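Colleague: Got run_29.csv for you, CSV, C-alpha atoms:
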chain,number,residue,atom,x,y,z
A,195,ASN,CA,-159.8,44.1,-27.4
A,196,ALA,CA,-156.5,44.0,-25.6
A,197,GLY,CA,-155.0,46.8,-27.6
A,198,LEU,CA,-157.8,49.2,-26.7
A,199,HIS,CA,-157.4,48.1,-23.0
A,200,VAL,CA,-153.7,49.1,-23.2
A,201,VAL,CA,-154.7,52.5,-24.7
A,202,HIS,CA,-157.2,53.0,-22.0
A,203,LEU,CA,-154.6,52.2,-19.3
A,204,VAL,CA,-152.1,54.6,-20.8
A,205,ARG,CA,-154.7,57.4,-21.0
A,206,LYS,CA,-155.7,56.8,-17.4
A,207,LEU,CA,-152.0,57.0,-16.4
A,208,ALA,CA,-151.6,60.2,-18.4
A,209,MET,CA,-154.6,61.8,-16.6
A,210,ALA,CA,-153.4,60.7,-13.2
A,211,SER,CA,-149.9,62.0,-13.7
A,212,HIS,CA,-151.0,65.1,-15.7
A,213,ASN,CA,-148.4,64.1,-18.4
A,214,PRO,CA,-149.3,65.5,-21.8
A,215,GLU,CA,-146.7,63.3,-23.5
A,216,LEU,CA,-148.4,60.1,-22.2
A,217,SER,CA,-151.7,61.5,-23.3
A,218,GLN,CA,-150.3,62.1,-26.8
A,219,LEU,CA,-148.8,58.6,-26.8
A,220,ALA,CA,-152.2,57.1,-25.9
A,221,SER,CA,-153.8,59.0,-28.8
A,222,ARG,CA,-151.2,57.8,-31.2
A,223,MET,CA,-151.5,54.3,-30.0
A,224,GLY,CA,-155.2,54.4,-30.5
A,225,VAL,CA,-154.8,55.7,-34.0
A,226,ALA,CA,-152.2,53.1,-34.8
A,227,LEU,CA,-154.3,50.2,-33.5
A,228,ARG,CA,-157.3,51.4,-35.5
A,229,ALA,CA,-155.2,51.7,-38.6
A,230,GLU,CA,-153.6,48.3,-38.1
A,231,SER,CA,-156.9,46.5,-37.4
A,232,ASP,CA,-157.6,46.5,-41.2
A,233,ASP,CA,-154.1,45.0,-42.0
A,234,THR,CA,-153.0,41.5,-41.3
A,235,ALA,CA,-149.8,42.7,-39.7
A,236,ASP,CA,-149.2,42.6,-35.9
A,237,PRO,CA,-151.3,45.4,-34.5
A,238,PHE,CA,-149.0,45.9,-31.6
A,239,GLU,CA,-145.8,46.5,-33.7
A,240,LYS,CA,-146.5,50.2,-34.1
A,241,VAL,CA,-147.4,50.5,-30.4
A,242,ARG,CA,-144.2,48.8,-29.4
A,243,ALA,CA,-142.2,51.2,-31.7
A,244,MET,CA,-144.0,54.2,-30.1
A,245,LEU,CA,-143.3,52.9,-26.6
A,246,SER,CA,-139.7,52.3,-27.5
A,247,ASP,CA,-139.4,55.8,-29.0
A,248,MET,CA,-140.9,57.3,-25.8
A,249,VAL,CA,-138.6,55.3,-23.6
A,250,SER,CA,-135.6,56.5,-25.7
A,251,LYS,CA,-136.8,60.1,-25.4
A,252,LEU,CA,-137.3,59.8,-21.6
A,253,GLU,CA,-133.8,58.3,-21.2
A,254,GLU,CA,-132.4,61.1,-23.2
A,255,GLU,CA,-134.2,63.7,-21.1
A,256,ALA,CA,-133.1,61.9,-17.9
A,257,GLY,CA,-129.5,62.1,-19.2
A,258,ASP,CA,-129.9,65.8,-19.9
A,259,ASP,CA,-131.4,66.3,-16.4
A,260,ALA,CA,-128.5,64.5,-14.9
A,261,LYS,CA,-126.0,66.7,-16.7
A,262,LYS,CA,-127.9,69.8,-15.5
A,263,LYS,CA,-128.0,68.5,-12.0
A,264,ALA,CA,-124.2,67.8,-12.0
A,265,TRP,CA,-123.6,71.3,-13.3
A,266,CYS,CA,-125.8,72.8,-10.7
A,267,ASP,CA,-124.2,70.8,-7.9
A,268,LYS,CA,-120.7,71.8,-9.1
A,269,GLU,CA,-121.8,75.5,-9.3
A,270,LYS,CA,-123.4,75.3,-5.8
A,271,LYS,CA,-120.3,73.8,-4.3
A,272,GLU,CA,-118.0,76.4,-5.9
A,273,THR,CA,-120.4,79.2,-4.8
A,274,GLY,CA,-120.4,77.8,-1.3
A,275,ALA,CA,-116.6,77.8,-1.2
A,276,LYS,CA,-116.5,81.4,-2.6
A,277,LYS,CA,-119.1,82.4,0.0
A,278,GLY,CA,-117.0,80.9,2.8
A,279,ASP,CA,-114.0,82.8,1.5
A,280,LYS,CA,-115.9,86.1,1.4
A,281,GLU,CA,-117.3,85.5,4.9
A,282,ASP,CA,-113.7,85.0,6.1
A,283,ASP,CA,-112.7,88.2,4.4
A,284,ILE,CA,-115.6,90.0,6.1
A,285,GLU,CA,-114.5,88.7,9.5
A,286,VAL,CA,-110.9,89.8,9.0
A,287,LEU,CA,-112.0,93.3,7.7
A,288,THR,CA,-114.5,93.6,10.6
A,289,THR,CA,-111.8,92.9,13.1
A,290,LYS,CA,-109.5,95.5,11.4
A,291,ILE,CA,-112.3,98.1,11.5
A,292,GLU,CA,-112.9,97.4,15.2
A,293,GLU,CA,-109.2,97.7,15.9
A,294,MET,CA,-108.9,100.9,13.9
A,295,THR,CA,-112.1,102.3,15.6
A,296,ALA,CA,-110.5,101.6,19.0
A,297,SER,CA,-107.3,103.2,17.9
A,298,SER,CA,-109.1,106.2,16.6
A,299,MET,CA,-111.0,106.7,19.9
A,300,LYS,CA,-107.7,106.4,21.8
A,301,LEU,CA,-106.1,109.0,19.5
A,302,LYS,CA,-109.0,111.3,19.9
A,303,GLU,CA,-108.7,111.1,23.7
A,304,GLU,CA,-105.0,111.8,23.4
A,305,VAL,CA,-105.7,114.8,21.1
A,306,ALA,CA,-108.3,116.1,23.6
A,307,VAL,CA,-105.7,115.8,26.5
A,308,LEU,CA,-103.0,117.5,24.4
A,309,GLU,CA,-105.4,120.3,23.4
A,310,LYS,CA,-106.3,120.8,27.0
A,311,GLU,CA,-102.6,120.9,28.0
A,312,LEU,CA,-101.9,123.3,25.0
A,313,GLY,CA,-104.7,125.5,26.2
A,314,ALA,CA,-103.2,125.5,29.7
A,315,LEU,CA,-99.7,126.3,28.3
A,316,THR,CA,-101.1,129.1,26.2
A,317,LYS,CA,-102.9,130.6,29.2
A,318,PHE,CA,-99.8,130.2,31.3
A,319,GLN,CA,-97.7,131.9,28.7
A,320,ALA,CA,-100.2,134.7,28.3
A,321,GLU,CA,-100.2,135.3,32.0
A,322,ALA,CA,-96.4,135.3,32.1
A,323,ASP,CA,-96.2,138.0,29.4
Show me this structure written as structure tokens.
Modeller:
Amino acid sequence: NAGLHVVHLVRKLAMASHNPELSQLASRMGVALRAESDDTADPFEKVRAMLSDMVSKLEEEAGDDAKKKAWCDKEKKETGAKKGDKEDDIEVLTTKIEEMTASSMKLKEEVAVLEKELGALTKFQAEAD
């Protein structure tokens, strides 16, 4: 029977792809074919309807996935731009820190020289008194 052959192929595809939805479709197709075998109606009509429903569902899921991907791509791009801005800020601030550290070291050296000179002046004045 061609109908059972189609069900077998769908089950085989479901097992190979580990897809529970295809497995469920194969089961529903088998039930529909067995139920229709008693009627005189086209036994493949229900199967066609099931396949059409599954295709519609997959297209809808693909559309949802595309929307999610577009959102993720947009967020990733914005995050990358923000990261670049922050890295630029870090570079500017690091440069300022380095400049201020150098300035601080220079001022400390000047203070040390001035303290030494002040000490010499204080000693000189003490000797003069």
Colleague: Just the residues within 12 Å of segment 197-199 of chain A, please, counting only C-alpha atoms, with nothing from its chain fewer than 6 positions along; format it as a PyMOL selection string.
Modeller: chain A and resi 205-206+220-228+230-231+236-242
Colleague: Report, in Å with one decimal, the straight-line distance from atom CA of His202 of chain A to atom CA of Met248 of chain A.
Modeller: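 That distance, rounded to one decimal, is 17.3 Å.
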Colleague: Could you check how far atom CA of Ala196 of chain A sits from atom CA of Asn213 of chain A, in Å to one decimal?
Modeller: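 Separation between atom CA of Ala196 of chain A and atom CA of Asn213 of chain A: 22.8 Å.
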Colleague: Hey, which of A:Met294, A:Val286, A:Ala229, A:Val201 ends up closest to Leu245 of chain A? Count only C-alpha atoms.
Modeller: A:Val201
Colleague: Mind giving me the straight-line distance from atom CA of His212 of chain A to atom CA of Glu255 of chain A in Å, one decimal?
Modeller: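 For atom CA of His212 of chain A relative to atom CA of Glu255 of chain A, the distance reads 17.7 Å.
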Colleague: Complete the atoms of segment 301-323 of chain A to N, CA, C and O atoms and put them out as a PDB file, in the coordinates of the input.
Modeller:
ATOM      1  N   LEU A 301    -106.750 107.798  20.024  1.00  0.00           N
ATOM      2  CA  LEU A 301    -106.100 109.000  19.500  1.00  0.00           C
ATOM      3  C   LEU A 301    -106.878 110.252  19.765  1.00  0.00           C
ATOM      4  O   LEU A 301    -106.317 111.310  20.091  1.00  0.00           O
ATOM      5  N   LYS A 302    -108.183 110.178  19.637  1.00  0.00           N
ATOM      6  CA  LYS A 302    -109.000 111.300  19.900  1.00  0.00           C
ATOM      7  C   LYS A 302    -108.924 111.750  21.374  1.00  0.00           C
ATOM      8  O   LYS A 302    -108.907 112.946  21.692  1.00  0.00           O
ATOM      9  N   GLU A 303    -108.879 110.754  22.245  1.00  0.00           N
ATOM     10  CA  GLU A 303    -108.700 111.100  23.700  1.00  0.00           C
ATOM     11  C   GLU A 303    -107.356 111.757  23.915  1.00  0.00           C
ATOM     12  O   GLU A 303    -107.268 112.723  24.668  1.00  0.00           O
ATOM     13  N   GLU A 304    -106.310 111.227  23.256  1.00  0.00           N
ATOM     14  CA  GLU A 304    -105.000 111.800  23.400  1.00  0.00           C
ATOM     15  C   GLU A 304    -104.967 113.253  22.864  1.00  0.00           C
ATOM     16  O   GLU A 304    -104.354 114.149  23.460  1.00  0.00           O
ATOM     17  N   VAL A 305    -105.641 113.467  21.726  1.00  0.00           N
ATOM     18  CA  VAL A 305    -105.700 114.800  21.100  1.00  0.00           C
ATOM     19  C   VAL A 305    -106.432 115.752  22.112  1.00  0.00           C
ATOM     20  O   VAL A 305    -106.012 116.902  22.323  1.00  0.00           O
ATOM     21  N   ALA A 306    -107.518 115.272  22.705  1.00  0.00           N
ATOM     22  CA  ALA A 306    -108.300 116.100  23.600  1.00  0.00           C
ATOM     23  C   ALA A 306    -107.385 116.470  24.843  1.00  0.00           C
ATOM     24  O   ALA A 306    -107.377 117.637  25.282  1.00  0.00           O
ATOM     25  N   VAL A 307    -106.607 115.506  25.347  1.00  0.00           N
ATOM     26  CA  VAL A 307    -105.700 115.800  26.500  1.00  0.00           C
ATOM     27  C   VAL A 307    -104.640 116.793  26.042  1.00  0.00           C
ATOM     28  O   VAL A 307    -104.342 117.762  26.767  1.00  0.00           O
ATOM     29  N   LEU A 308    -104.061 116.586  24.850  1.00  0.00           N
ATOM     30  CA  LEU A 308    -103.000 117.500  24.400  1.00  0.00           C
ATOM     31  C   LEU A 308    -103.581 118.903  24.129  1.00  0.00           C
ATOM     32  O   LEU A 308    -102.904 119.904  24.419  1.00  0.00           O
ATOM     33  N   GLU A 309    -104.803 119.004  23.597  1.00  0.00           N
ATOM     34  CA  GLU A 309    -105.400 120.300  23.400  1.00  0.00           C
ATOM     35  C   GLU A 309    -105.651 121.016  24.728  1.00  0.00           C
ATOM     36  O   GLU A 309    -105.447 122.231  24.854  1.00  0.00           O
ATOM     37  N   LYS A 310    -106.066 120.240  25.720  1.00  0.00           N
ATOM     38  CA  LYS A 310    -106.300 120.800  27.000  1.00  0.00           C
ATOM     39  C   LYS A 310    -104.947 121.308  27.620  1.00  0.00           C
ATOM     40  O   LYS A 310    -104.870 122.423  28.166  1.00  0.00           O
ATOM     41  N   GLU A 311    -103.881 120.491  27.469  1.00  0.00           N
ATOM     42  CA  GLU A 311    -102.600 120.900  28.000  1.00  0.00           C
ATOM     43  C   GLU A 311    -102.050 122.113  27.188  1.00  0.00           C
ATOM     44  O   GLU A 311    -101.447 123.023  27.762  1.00  0.00           O
ATOM     45  N   LEU A 312    -102.288 122.128  25.865  1.00  0.00           N
ATOM     46  CA  LEU A 312    -101.900 123.300  25.000  1.00  0.00           C
ATOM     47  C   LEU A 312    -102.602 124.532  25.476  1.00  0.00           C
ATOM     48  O   LEU A 312    -102.009 125.619  25.563  1.00  0.00           O
ATOM     49  N   GLY A 313    -103.885 124.372  25.750  1.00  0.00           N
ATOM     50  CA  GLY A 313    -104.700 125.500  26.200  1.00  0.00           C
ATOM     51  C   GLY A 313    -104.126 126.031  27.550  1.00  0.00           C
ATOM     52  O   GLY A 313    -104.017 127.249  27.770  1.00  0.00           O
ATOM     53  N   ALA A 314    -103.751 125.121  28.450  1.00  0.00           N
ATOM     54  CA  ALA A 314    -103.200 125.500  29.700  1.00  0.00           C
ATOM     55  C   ALA A 314    -101.845 126.210  29.546  1.00  0.00           C
ATOM     56  O   ALA A 314    -101.548 127.227  30.190  1.00  0.00           O
ATOM     57  N   LEU A 315    -101.024 125.687  28.637  1.00  0.00           N
ATOM     58  CA  LEU A 315     -99.700 126.300  28.300  1.00  0.00           C
ATOM     59  C   LEU A 315     -99.905 127.708  27.746  1.00  0.00           C
ATOM     60  O   LEU A 315     -99.182 128.649  28.093  1.00  0.00           O
ATOM     61  N   THR A 316    -100.871 127.808  26.823  1.00  0.00           N
ATOM     62  CA  THR A 316    -101.100 129.100  26.200  1.00  0.00           C
ATOM     63  C   THR A 316    -101.587 130.113  27.239  1.00  0.00           C
ATOM     64  O   THR A 316    -101.138 131.274  27.258  1.00  0.00           O
ATOM     65  N   LYS A 317    -102.442 129.695  28.125  1.00  0.00           N
ATOM     66  CA  LYS A 317    -102.900 130.600  29.200  1.00  0.00           C
ATOM     67  C   LYS A 317    -101.793 130.946  30.130  1.00  0.00           C
ATOM     68  O   LYS A 317    -101.638 132.128  30.517  1.00  0.00           O
ATOM     69  N   PHE A 318    -100.959 129.976  30.468  1.00  0.00           N
ATOM     70  CA  PHE A 318     -99.800 130.200  31.300  1.00  0.00           C
ATOM     71  C   PHE A 318     -98.871 131.235  30.717  1.00  0.00           C
ATOM     72  O   PHE A 318     -98.373 132.150  31.357  1.00  0.00           O
ATOM     73  N   GLN A 319     -98.601 131.046  29.420  1.00  0.00           N
ATOM     74  CA  GLN A 319     -97.700 131.900  28.700  1.00  0.00           C
ATOM     75  C   GLN A 319     -98.258 133.322  28.595  1.00  0.00           C
ATOM     76  O   GLN A 319     -97.539 134.330  28.721  1.00  0.00           O
ATOM     77  N   ALA A 320     -99.575 133.416  28.376  1.00  0.00           N
ATOM     78  CA  ALA A 320    -100.200 134.700  28.300  1.00  0.00           C
ATOM     79  C   ALA A 320    -100.145 135.442  29.610  1.00  0.00           C
ATOM     80  O   ALA A 320     -99.948 136.662  29.664  1.00  0.00           O
ATOM     81  N   GLU A 321    -100.285 134.735  30.690  1.00  0.00           N
ATOM     82  CA  GLU A 321    -100.200 135.300  32.000  1.00  0.00           C
ATOM     83  C   GLU A 321     -98.759 135.774  32.327  1.00  0.00           C
ATOM     84  O   GLU A 321     -98.526 136.735  33.027  1.00  0.00           O
ATOM     85  N   ALA A 322     -97.816 134.980  31.801  1.00  0.00           N
ATOM     86  CA  ALA A 322     -96.400 135.300  32.100  1.00  0.00           C
ATOM     87  C   ALA A 322     -95.981 136.528  31.278  1.00  0.00           C
ATOM     88  O   ALA A 322     -95.108 137.264  31.728  1.00  0.00           O
ATOM     89  N   ASP A 323     -96.572 136.775  30.172  1.00  0.00           N
ATOM     90  CA  ASP A 323     -96.200 138.000  29.400  1.00  0.00           C
ATOM     91  C   ASP A 323     -96.885 139.125  29.922  1.00  0.00           C
ATOM     92  O   ASP A 323     -96.903 140.045  30.369  1.00  0.00           O
TER      93      ASP A 323
END
